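Chemist: Please see the structure below; I have some questions.
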Amino acid sequence: MESDEFVPPPECPVFEPTRDEFSDPLGYIAKIRPIAEKSGICKIRPPADWQPPFAVDVDNFRFTPRIQRLNELEAETRVKLNYLDRIAKFWEIQGSSLKIPNIERRILDLYSLGKIVMEEGGYETVCKERRWVRVAQRLGYPPGKNIGSLLRSHYERIVYPFEMFQSGGNLTQLKSRQLYDSEEKDKEYKPHSIPLRQSVPPSKIINLGRRANRLQPDPEPTEEDIEKNPELKKLQIYGAGPKMMGLGLVPRDKALRKKDELPQTLVVKDSVGVKAEPLSPLPGPDGDLKPSGDSLHPDVKPESPSQEEPCTKMTMRLRHNQSNTQIVDSFVCRMCARGDEDDKLLLCDGCDDNYHTFCLLPPLSETPKGDWRCPKCVAEECTRPAEAFGFEQATREYTLQSFGEMADAFKADYFNMPVHMVPTELVEKEFWRLVSSIEEDVTVEYGADIHSKDFGSGFPMKNGKRELAPEEEEYARSGWNLNVMPVLDQSVLCHINADISGMKVPWLYVGMVFSTFCWHIEDHWSYSINYLHWGEPKTWYGVPSSSAERLEEVMKKLTPELFESQPDLLHQLVTIMNPNILMGYGVPVVRTNQCAGEFVITFPRAYHSGFNQGYNFAEAVNFAAADWLPAGRRCIEHYRRLRRYCVFSHEELTCKMAACPERLDLNLAVAVHKEMFIMVQEERKLRKALLDKGITEAEREAFELLPDDERVCDKCKTTCFLSALACYSCPERLVCLNHMDELCPCPPERQYLRYRYTLDELPTMLHKLKLRAESYDIWAGKVKQALDMEDGRKRAVEELRALCSEAADKKFPDNELLYRLRGTISEAERCVSESAGLLGKTRRHAGLPKMTVAELKTFLDQMQTLPCVLSQIPEVQAVLSEAELYQRSAQALLQGAALSPADPSQIQALLEQGTALAVEAPELEQLRGLLEQGRWLGEVKRALASAGSQVTLEVMRSLMEAGCSVPQSAAVEKAMAELQELLTIAESWEEKAGICLEARQKHPPATLEAIIKEAQNIPVQLPNILALSEALSKARAWTADLEEIQNGEHFPCLDDLEGLVAIGRDLPVRMEELRHLELQVVTAHSWREKASKTFLKRNSCYSLLEVLCPCADVSSDSVKRSKWTRRVRERERVRDCSLLYKSDIDSLGLSAQDLRDPGSIVSAFKHGEQKEKEGIRRLQEINLSKPCPGGRVSEGEGSGEAPPATTTTTTPLLPCPSVCVCGDPPRPPMLRCQLCRDLFHSGCVPFPKLLPQTSPSPASSSSSSSSSSSPSSSIDRAWL
């Protein structure tokens, strides 16, 4: 039947304690118990900074894991596998091997098939009412396909004979003995001792291969096989549908038969008389069974060989032993007691009994081949008690590294992905699928129950084996260290001297994927805590203690076969069951995934199970708080019913704690007292019953000194401590008083009581516990009387301190009453300290703020309400009275100030008086505010009433800011309103003036004058208005200067006009005159540029004025204005041209002052022009008078007119003067300048660019081609 998909149960509670809560482990667990106990398990996440180091010696840690076959762990799956083992064994001992058929590509579930057929009424009913189709549907097969008929065929051939055998139908006529009655079963089964749980050795016969072979499909039988095997012939199915045979009846090897066992013939007549009760066969000398001749009937005669027919071994042995008549009588059918039809008579290979094939149930159609066992032998073989199921140890020893490599490789290969990428949900569903499958055998290994005492704990320990690092010291002392928690003062287990492995000493667990811990509860129903040090998560399932019996009932109901062979199966940690099945039967189940660094706690009698998601390392231990004691007592009663061994004696533990009550935690003492009271009452009843029985002998026995196996009750296996019953005649036996009637059959006189304490000693111990438990009540009564003042009397603080010290000495638990007492003492000490500071003025010296009057009143009330006497109360009352008197005076002044302004001196006097007080009166602040109001109003009045000077904007803003911090009143609000209005108006005009001062848009003078005039009415000094007024004054002065220049007699200089333009542009005033002036300056600059382009050569060293000035000294011979002279001077790097010749401007006779006068300049220019013309005429006359050698001179180009015709003249030979720029004598060819008429060598000056328009003579042409015209003076000057 296909199982539904696994549905995860709801999550268990998860708690995250604070650092303070985490400091008290058992206290925090007790705090969360009301919530967590309802789920059975819970998870605790420590604070983030609590990370204990891993202390295991990884290099030397070696362990041998257990082997777990997953489908053998689940209860229902194991029942099915056990059923298959039994039915296979049933057929195997009869000479056949079992092959499980496949139907619809699924292995046929023979167990479910047999169970459903029985639920439907049995084989006959199902066949009669034709319910095979319904059976197929219940098995999960689809309708149709003739599956019902196929199931019937398989049931008839495989299951039905086995069911008949189990029901005993084939043994109804046999007087077979009951092999194992209930008492013998109890004797045969031995419950496992707790220290050796899960250590049951596995069966020596490993049947995994046999199970695997059963699941392999049979090869299709050939026609020859069908003909030879009548069973296969009958199982032939024709038509559509599966053809897999249900059972392969494979005969054993015929070679195993003895060659001398040849078939012989014996004919027995029908008239042969046979005894009703067969005799037991007697062995002969050779070991064979030989019949006695006395038992042969005289009518039995052997026939001739021709009439012989094949028969069984019985016939052969009968023929060999014809002389033994008893043997003849034994060869009859054990069912019908007849010996006829010898060919149908079968001989058992086990016991040599005989059965007719048709007498068997179900009857056999023909003689089976191979060995055959009778129903009695089959019953003996199949009803042997099964071996207890347990885990076997692996043969390989691992280190942590090698185990982790194996575990990770297995998981990665199984899921075909990296281990860290496998979702936990997928692993969980796959796990429950595997454990429910009878087809898939998956085997994993689990390093469980590794003793930390031998291999080392994962937590740091102070055991002296190694020195701890400073960071390990904290974790070695922590109560959450699993080595420390079981032995905490509040823990019950700390009173057990022995180191019980797994309970007081932690166990280590190294898991891999699918490794499992099965459903179980802790030993003695104690708490357990598990910490996952590192690795992949561990999945947990839990059931609360209130549903523990329901879980047991469900598992026993669903798998009764397992509990018949192992009554304490759930204590062996070898069985699991799907949580969905349990939830379906009303069992509440929760789950959680425990990650690395997290704790999981299980509560008393809370069933829990789970599996590992992958490679991880965990550590677990048991602990028991005070609330566990009642559960521990009920657990012993439960163990007594199961005949289960105890780990320790509950009575011994209780009595040991009762013997030293002063060492017990108070809560633990109360719990032990209740537990001890119940034990004493029960012991009294049992000892009284012992006396009533007539047993009077007794002796004291120190049971705690005996080994546990010497003081175990023979009947219930409980470890005895308070008392036990023994017998002088049977010294090896011992029983508890609950089984006093089952010790031995000896008379009561031979029996005697062995006791640890007398009935008088037990009440004494109980009384001491009561005193310890009631000591808290007495102390609590004193504390309540003192704190509540029930007698109307206050105690001294020393008395309260004494009560607090008593609680610490007697280790009373921290509770609300103790917190209240400590709080009262702390409050009293605080009041004394505050009073000293108030009266001694130490608060002011320490820089602390004063106490207000209201705080003083509250403080005084606290002092008066405390349940203790304080001597400082009268002095504090005096301080309060003084402060109240001062308050009344200050309030009177404040009320008068509301009507009329108060005198500042009076206010100041009250302020000084209030400052001297030991407390801070609220009126002090009001008086300070009133004083500040007067000062501020005076400043405002002085600022606004000043007639001589205006207040600035900064002063007004500071007054406004100060006014906001002054306590508000009507006068302050009025002054603030006036200031704000005036400030708003002033800032508005200031903003307007600032806009006018900006150069983006200039305003005319009229507009600025209007703004300035209006702003003068505001009694505030405005910087922008002042700047605007100054700019307007400058504009007026600029206009006056411009008018003065324009109204003068002469035109102004360009430089003066440019200066006026620059000044006018900087003013924030729009002036029309400035625009006209800028236009004149632009026109002048344009004319100057055109004149420069006309009269100045490029890179000329002369200015335009120098070029345009007339040459007044043109006829002087002292200076030569030649380009050659300038080039020489330039080579000599002489930059100052004034050294070369006298400036033309200087020749005009103008001074610096004359240059500023346009009239003087014009007059000088006209005079200079006249002098220039006269100088040119004189220069021409002088130059023309110079003789010219050769008589021919080329006329250079002068003006645009044609030169006159060249004439040849003859002059007398006179001394020749120097000519040309070089100063040498004339030599032909020569050139004459048309302007100055001077002579120049043709090689010294450039030749003229254009020749005269008239055609020259050849001589003159030749002369002209080799000469050049001399530059004119004007041109040369222009070039220079």
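Simple scheme: letters A, B, ... for chains in structure tokens order, numbers from 1 for residues in each chain, numbers from 1 for ligands in the order shown.
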Could you write out, as an MDAnalysis selection string, all the residues of region 590-732 of chain A that DSSP marks as strand (DSSP E)?

Modeler: chainID A and resid 590:594 599:602 607:612 616:623 698:700 723:727

Chemist: For Glu11 (chain A), list every protein, DNA or RNA residue within 6 Å, evaluated using only C-alpha atoms, and leave out those in the same chain fewer than 2 positions away; present the list as a list in words.

Modeler: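 My list of contacting residues is Val590, Arg591 and Thr592 of chain A.
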
Chemist: Kindly give the distance, in Å, that separates CA of Phe677 (chain A) and CA of Lys38 (chain A), rounded to a single decimal.

Modeler: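 Taking CA of Phe677 (chain A) as the start and CA of Lys38 (chain A) as the end point, the length is 28.4 Å.
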
Chemist: Can you tell me which residues surround region 903-920 of chain A at a distance of at most 10 Å, considering only C-alpha atoms, apart from same-chain residues fewer than 6 positions away, and format the answer as a PyMOL selection string?

Modeler: chain A and resi 837-841+843-844+849-856+879-880+882-883+886-887+889-890+893-894+897+926-928+930-932+934-935
